[in-house]
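A quick write-up on the structure given underneath.
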Amino acid sequence: MKINDKVFGELEYNYTWSKDITIEFCGKEYEIALMVDGEEDGNFYTEQYEAYTSFMQNWNQIQQNILQPILDYYKEKRHELGYDVAFNENYPLIETTEQLLQKITLVGIVVSYPGSFEGRDIGLTFDCTWDEENGVGLRLLDEKVDEVGYQDVAI
């Protein structure tokens, strides 16, 4: 089933509403999935529209603000696993956000149901070279990083 939403555009329903979009992230274009939580009737919440609209308006600033928290998460994971002491080719030393950008790929934006968190709630999902199974996920509340973890934190 498909709908043409006034904010999200043409979406297709397959347990969640989604479509592929092209977005610029740190100087490169990515083809990613936009996923919007919603019932089969295609009616979305005002909060979802507000979250997505505000996210898109602030995207240039947001992308600059998310790299350091992802880098911090990576360093913490690497330390927890002991790869800061013992070499592991999947967890190389990454010290800068420029190096980090070579290891992550933006793959999705998730517009969640409102109510789970206070504020405008958006999730970002990334594939990463160090954990192909779990990837990296970010939860943004009011366009600020609230949580970084596996992709499921964004869903």
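By convention in this document, the chains of the structure tokens carry letters A, B, ... by their order, each chain's residues are numbered from 1, and ligands are numbered from 1 in the order they are shown.
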
Sorted by chain and rising residue number, list the residues of region 48-110 of chain A at most 10 Å from region 5-12 of chain A (counting only C-alpha atoms), each with its closest atom pair and distance in Å to one decimal, as CSV.
```
residue,atom,partner,partner_atom,distance
A:Gln48,CA,A:Val7,CA,9.8
A:Tyr49,CA,A:Val7,CA,6.8
A:Glu50,CA,A:Val7,CA,9.7
A:Tyr52,CA,A:Phe8,CA,8.4
A:Thr53,CA,A:Val7,CA,7.9
```

Can I get the selected residues back with C-alpha atoms, as a short mmCIF file (atom, residue, chain, number, x, y, z; two decimals), in the first residue's frame?
```cif
data_model
loop_
_atom_site.label_atom_id
_atom_site.label_comp_id
_atom_site.auth_asym_id
_atom_site.auth_seq_id
_atom_site.Cartn_x
_atom_site.Cartn_y
_atom_site.Cartn_z
CA GLN A 48 6.21 13.23 14.07
CA TYR A 49 5.78 15.99 11.51
CA GLU A 50 7.36 18.51 13.90
CA TYR A 52 11.04 15.48 11.02
CA THR A 53 10.59 19.07 9.84
#
```

Can you list, as a PyMOL selection string, every protein, DNA or RNA residue that comes within 7 Å of Asp37 (chain A) when you count only C-alpha atoms, leaving out same-chain residues fewer than 5 positions away?
chain A and resi 16-17+111-113

Measuring between only C-alpha atoms, which one of A:Cys128, A:Leu93, A:Leu141, A:Ile23 shows the shortest distance to Pro114 (chain A)?
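Under the stated criterion, the closest residue is A:Leu141.
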
Residues of chain A in strand (DSSP E or B), written as a ChimeraX atom specification
/A:2-5,9-13,17-25,28-36,104-111,121-128,136-141,144-149

Just want the 10 Å neighbourhood of region 72-79 of chain A, counted on only C-alpha atoms, with same-chain residues fewer than 2 positions away dropped. Output as a list in words.
Leu67, Gln68, Pro69, Ile70, Leu81, Gly82, Tyr83, Asp84, Val85, Ala86, Asn88, Asn90, Tyr91, Pro92, Leu93, Ile94, Glu95, Thr97, Leu100, Trp130, Val136, Glu147, Val148, Gly149 and Tyr150 of chain A

What does the file look like for those residues with N, CA and C atoms, as a PDB file, in the first residue's frame?
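So again.pdb came out as:
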```pdb
ATOM      1  N   LEU A  67      29.065  13.555  15.124  1.00  0.00           N
ATOM      2  CA  LEU A  67      30.287  12.795  14.868  1.00  0.00           C
ATOM      3  C   LEU A  67      31.087  12.510  16.141  1.00  0.00           C
ATOM      4  N   GLN A  68      31.260  13.513  16.995  1.00  0.00           N
ATOM      5  CA  GLN A  68      32.039  13.301  18.217  1.00  0.00           C
ATOM      6  C   GLN A  68      31.381  12.272  19.149  1.00  0.00           C
ATOM      7  N   PRO A  69      30.066  12.312  19.370  1.00  0.00           N
ATOM      8  CA  PRO A  69      29.457  11.266  20.202  1.00  0.00           C
ATOM      9  C   PRO A  69      29.632   9.858  19.604  1.00  0.00           C
ATOM     10  N   ILE A  70      29.601   9.727  18.274  1.00  0.00           N
ATOM     11  CA  ILE A  70      29.834   8.413  17.664  1.00  0.00           C
ATOM     12  C   ILE A  70      31.290   7.994  17.889  1.00  0.00           C
ATOM     13  N   LEU A  81      36.237  -3.867  24.821  1.00  0.00           N
ATOM     14  CA  LEU A  81      36.617  -5.134  24.201  1.00  0.00           C
ATOM     15  C   LEU A  81      38.111  -5.426  24.318  1.00  0.00           C
ATOM     16  N   GLY A  82      38.865  -4.467  24.856  1.00  0.00           N
ATOM     17  CA  GLY A  82      40.292  -4.672  25.052  1.00  0.00           C
ATOM     18  C   GLY A  82      41.133  -4.429  23.813  1.00  0.00           C
ATOM     19  N   TYR A  83      40.535  -3.847  22.773  1.00  0.00           N
ATOM     20  CA  TYR A  83      41.278  -3.652  21.521  1.00  0.00           C
ATOM     21  C   TYR A  83      42.127  -2.388  21.530  1.00  0.00           C
ATOM     22  N   ASP A  84      42.067  -1.637  22.620  1.00  0.00           N
ATOM     23  CA  ASP A  84      43.000  -0.518  22.763  1.00  0.00           C
ATOM     24  C   ASP A  84      44.356  -1.046  23.249  1.00  0.00           C
ATOM     25  N   VAL A  85      44.365  -2.302  23.738  1.00  0.00           N
ATOM     26  CA  VAL A  85      45.591  -2.937  24.206  1.00  0.00           C
ATOM     27  C   VAL A  85      46.033  -4.022  23.218  1.00  0.00           C
ATOM     28  N   ALA A  86      45.103  -4.907  22.873  1.00  0.00           N
ATOM     29  CA  ALA A  86      45.390  -5.985  21.921  1.00  0.00           C
ATOM     30  C   ALA A  86      44.858  -5.586  20.549  1.00  0.00           C
ATOM     31  N   ASN A  88      43.140  -5.530  17.004  1.00  0.00           N
ATOM     32  CA  ASN A  88      42.059  -6.187  16.280  1.00  0.00           C
ATOM     33  C   ASN A  88      41.823  -5.361  15.030  1.00  0.00           C
ATOM     34  N   ASN A  90      39.413  -5.114  13.043  1.00  0.00           N
ATOM     35  CA  ASN A  90      38.091  -4.492  12.923  1.00  0.00           C
ATOM     36  C   ASN A  90      37.944  -3.254  13.799  1.00  0.00           C
ATOM     37  N   TYR A  91      38.820  -3.106  14.774  1.00  0.00           N
ATOM     38  CA  TYR A  91      38.752  -1.969  15.697  1.00  0.00           C
ATOM     39  C   TYR A  91      40.073  -1.187  15.674  1.00  0.00           C
ATOM     40  N   PRO A  92      40.406  -0.562  14.544  1.00  0.00           N
ATOM     41  CA  PRO A  92      41.660   0.197  14.481  1.00  0.00           C
ATOM     42  C   PRO A  92      41.562   1.465  15.334  1.00  0.00           C
ATOM     43  N   LEU A  93      42.717   2.052  15.592  1.00  0.00           N
ATOM     44  CA  LEU A  93      42.748   3.316  16.316  1.00  0.00           C
ATOM     45  C   LEU A  93      42.119   4.395  15.440  1.00  0.00           C
ATOM     46  N   ILE A  94      41.066   5.007  15.938  1.00  0.00           N
ATOM     47  CA  ILE A  94      40.415   6.120  15.238  1.00  0.00           C
ATOM     48  C   ILE A  94      40.437   7.292  16.202  1.00  0.00           C
ATOM     49  N   GLU A  95      41.090   8.370  15.792  1.00  0.00           N
ATOM     50  CA  GLU A  95      41.248   9.500  16.693  1.00  0.00           C
ATOM     51  C   GLU A  95      40.505  10.751  16.248  1.00  0.00           C
ATOM     52  N   THR A  97      37.284  12.713  13.746  1.00  0.00           N
ATOM     53  CA  THR A  97      35.997  12.500  13.095  1.00  0.00           C
ATOM     54  C   THR A  97      36.191  12.260  11.596  1.00  0.00           C
ATOM     55  N   LEU A 100      36.769   8.681  11.345  1.00  0.00           N
ATOM     56  CA  LEU A 100      35.502   8.013  11.632  1.00  0.00           C
ATOM     57  C   LEU A 100      34.608   7.971  10.396  1.00  0.00           C
ATOM     58  N   TRP A 130      33.312  -1.740  11.982  1.00  0.00           N
ATOM     59  CA  TRP A 130      33.739  -2.515  13.145  1.00  0.00           C
ATOM     60  C   TRP A 130      32.676  -3.458  13.691  1.00  0.00           C
ATOM     61  N   VAL A 136      25.579   1.112  14.091  1.00  0.00           N
ATOM     62  CA  VAL A 136      25.545   2.178  15.095  1.00  0.00           C
ATOM     63  C   VAL A 136      24.212   2.897  14.953  1.00  0.00           C
ATOM     64  N   GLU A 147      21.372   9.433  22.846  1.00  0.00           N
ATOM     65  CA  GLU A 147      21.935   8.114  23.086  1.00  0.00           C
ATOM     66  C   GLU A 147      22.645   7.625  21.830  1.00  0.00           C
ATOM     67  N   VAL A 148      23.757   6.902  22.031  1.00  0.00           N
ATOM     68  CA  VAL A 148      24.477   6.249  20.949  1.00  0.00           C
ATOM     69  C   VAL A 148      24.645   4.795  21.344  1.00  0.00           C
ATOM     70  N   GLY A 149      24.419   3.893  20.391  1.00  0.00           N
ATOM     71  CA  GLY A 149      24.576   2.465  20.682  1.00  0.00           C
ATOM     72  C   GLY A 149      24.448   1.672  19.396  1.00  0.00           C
ATOM     73  N   TYR A 150      23.966   0.452  19.540  1.00  0.00           N
ATOM     74  CA  TYR A 150      23.674  -0.346  18.349  1.00  0.00           C
ATOM     75  C   TYR A 150      22.516   0.301  17.592  1.00  0.00           C
TER      76      TYR A 150
END
```

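Omitting Asn134 (chain A) and its sequence neighbours fewer than 3 positions away, and counting only C-alpha atoms, the residues within 12 Å are Thr125, Phe126, Asp127, Cys128, Thr129, Trp130, Asp131, Gly137, Gly149, Tyr150, Gln151, Asp152, Val153 and Ala154 of chain A.
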
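CA of Asp146 (chain A) lies 23.2 Å from CA of Phe44 (chain A).
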
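When CA of Tyr30 (chain A) is paired with CA of Glu89 (chain A), their separation reads 25.9 Å.
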
Which residues are near Ile109 (chain A)? Cut-off 6 Å, only C-alpha atoms, ignore same chain within fewer than 5 positions. Put them as an MDAnalysis selection string.
chainID A and resid 34 123:124

Top pick for closest residue to Asn60 (chain A), considering A:Glu24, A:Glu118, A:Glu132, A:Glu40 and counting only C-alpha atoms:
A:Glu24

Can you measure CA of Ile62 (chain A) to CA of Thr105 (chain A) for me? One decimal in Å is fine.
15.7 Å

Can you list, as a PyMOL selection string, all residues belonging to region 56-140 of chain A that DSSP tags as helix (DSSP H, G or I)?
chain A and resi 56-57+59-80+97-101

Please identify all polymer residues within 9 Å of Ala51 (chain A), counting only C-alpha atoms, omitting same-chain residues fewer than 4 positions from it, and present them as a list in words.
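Close residues of Ala51 (chain A): Thr46, Glu47, Phe55, Met56, Val111, Gly119, Arg120, Asp121, Ile122, Leu141, Asp142 and Glu143 of chain A.
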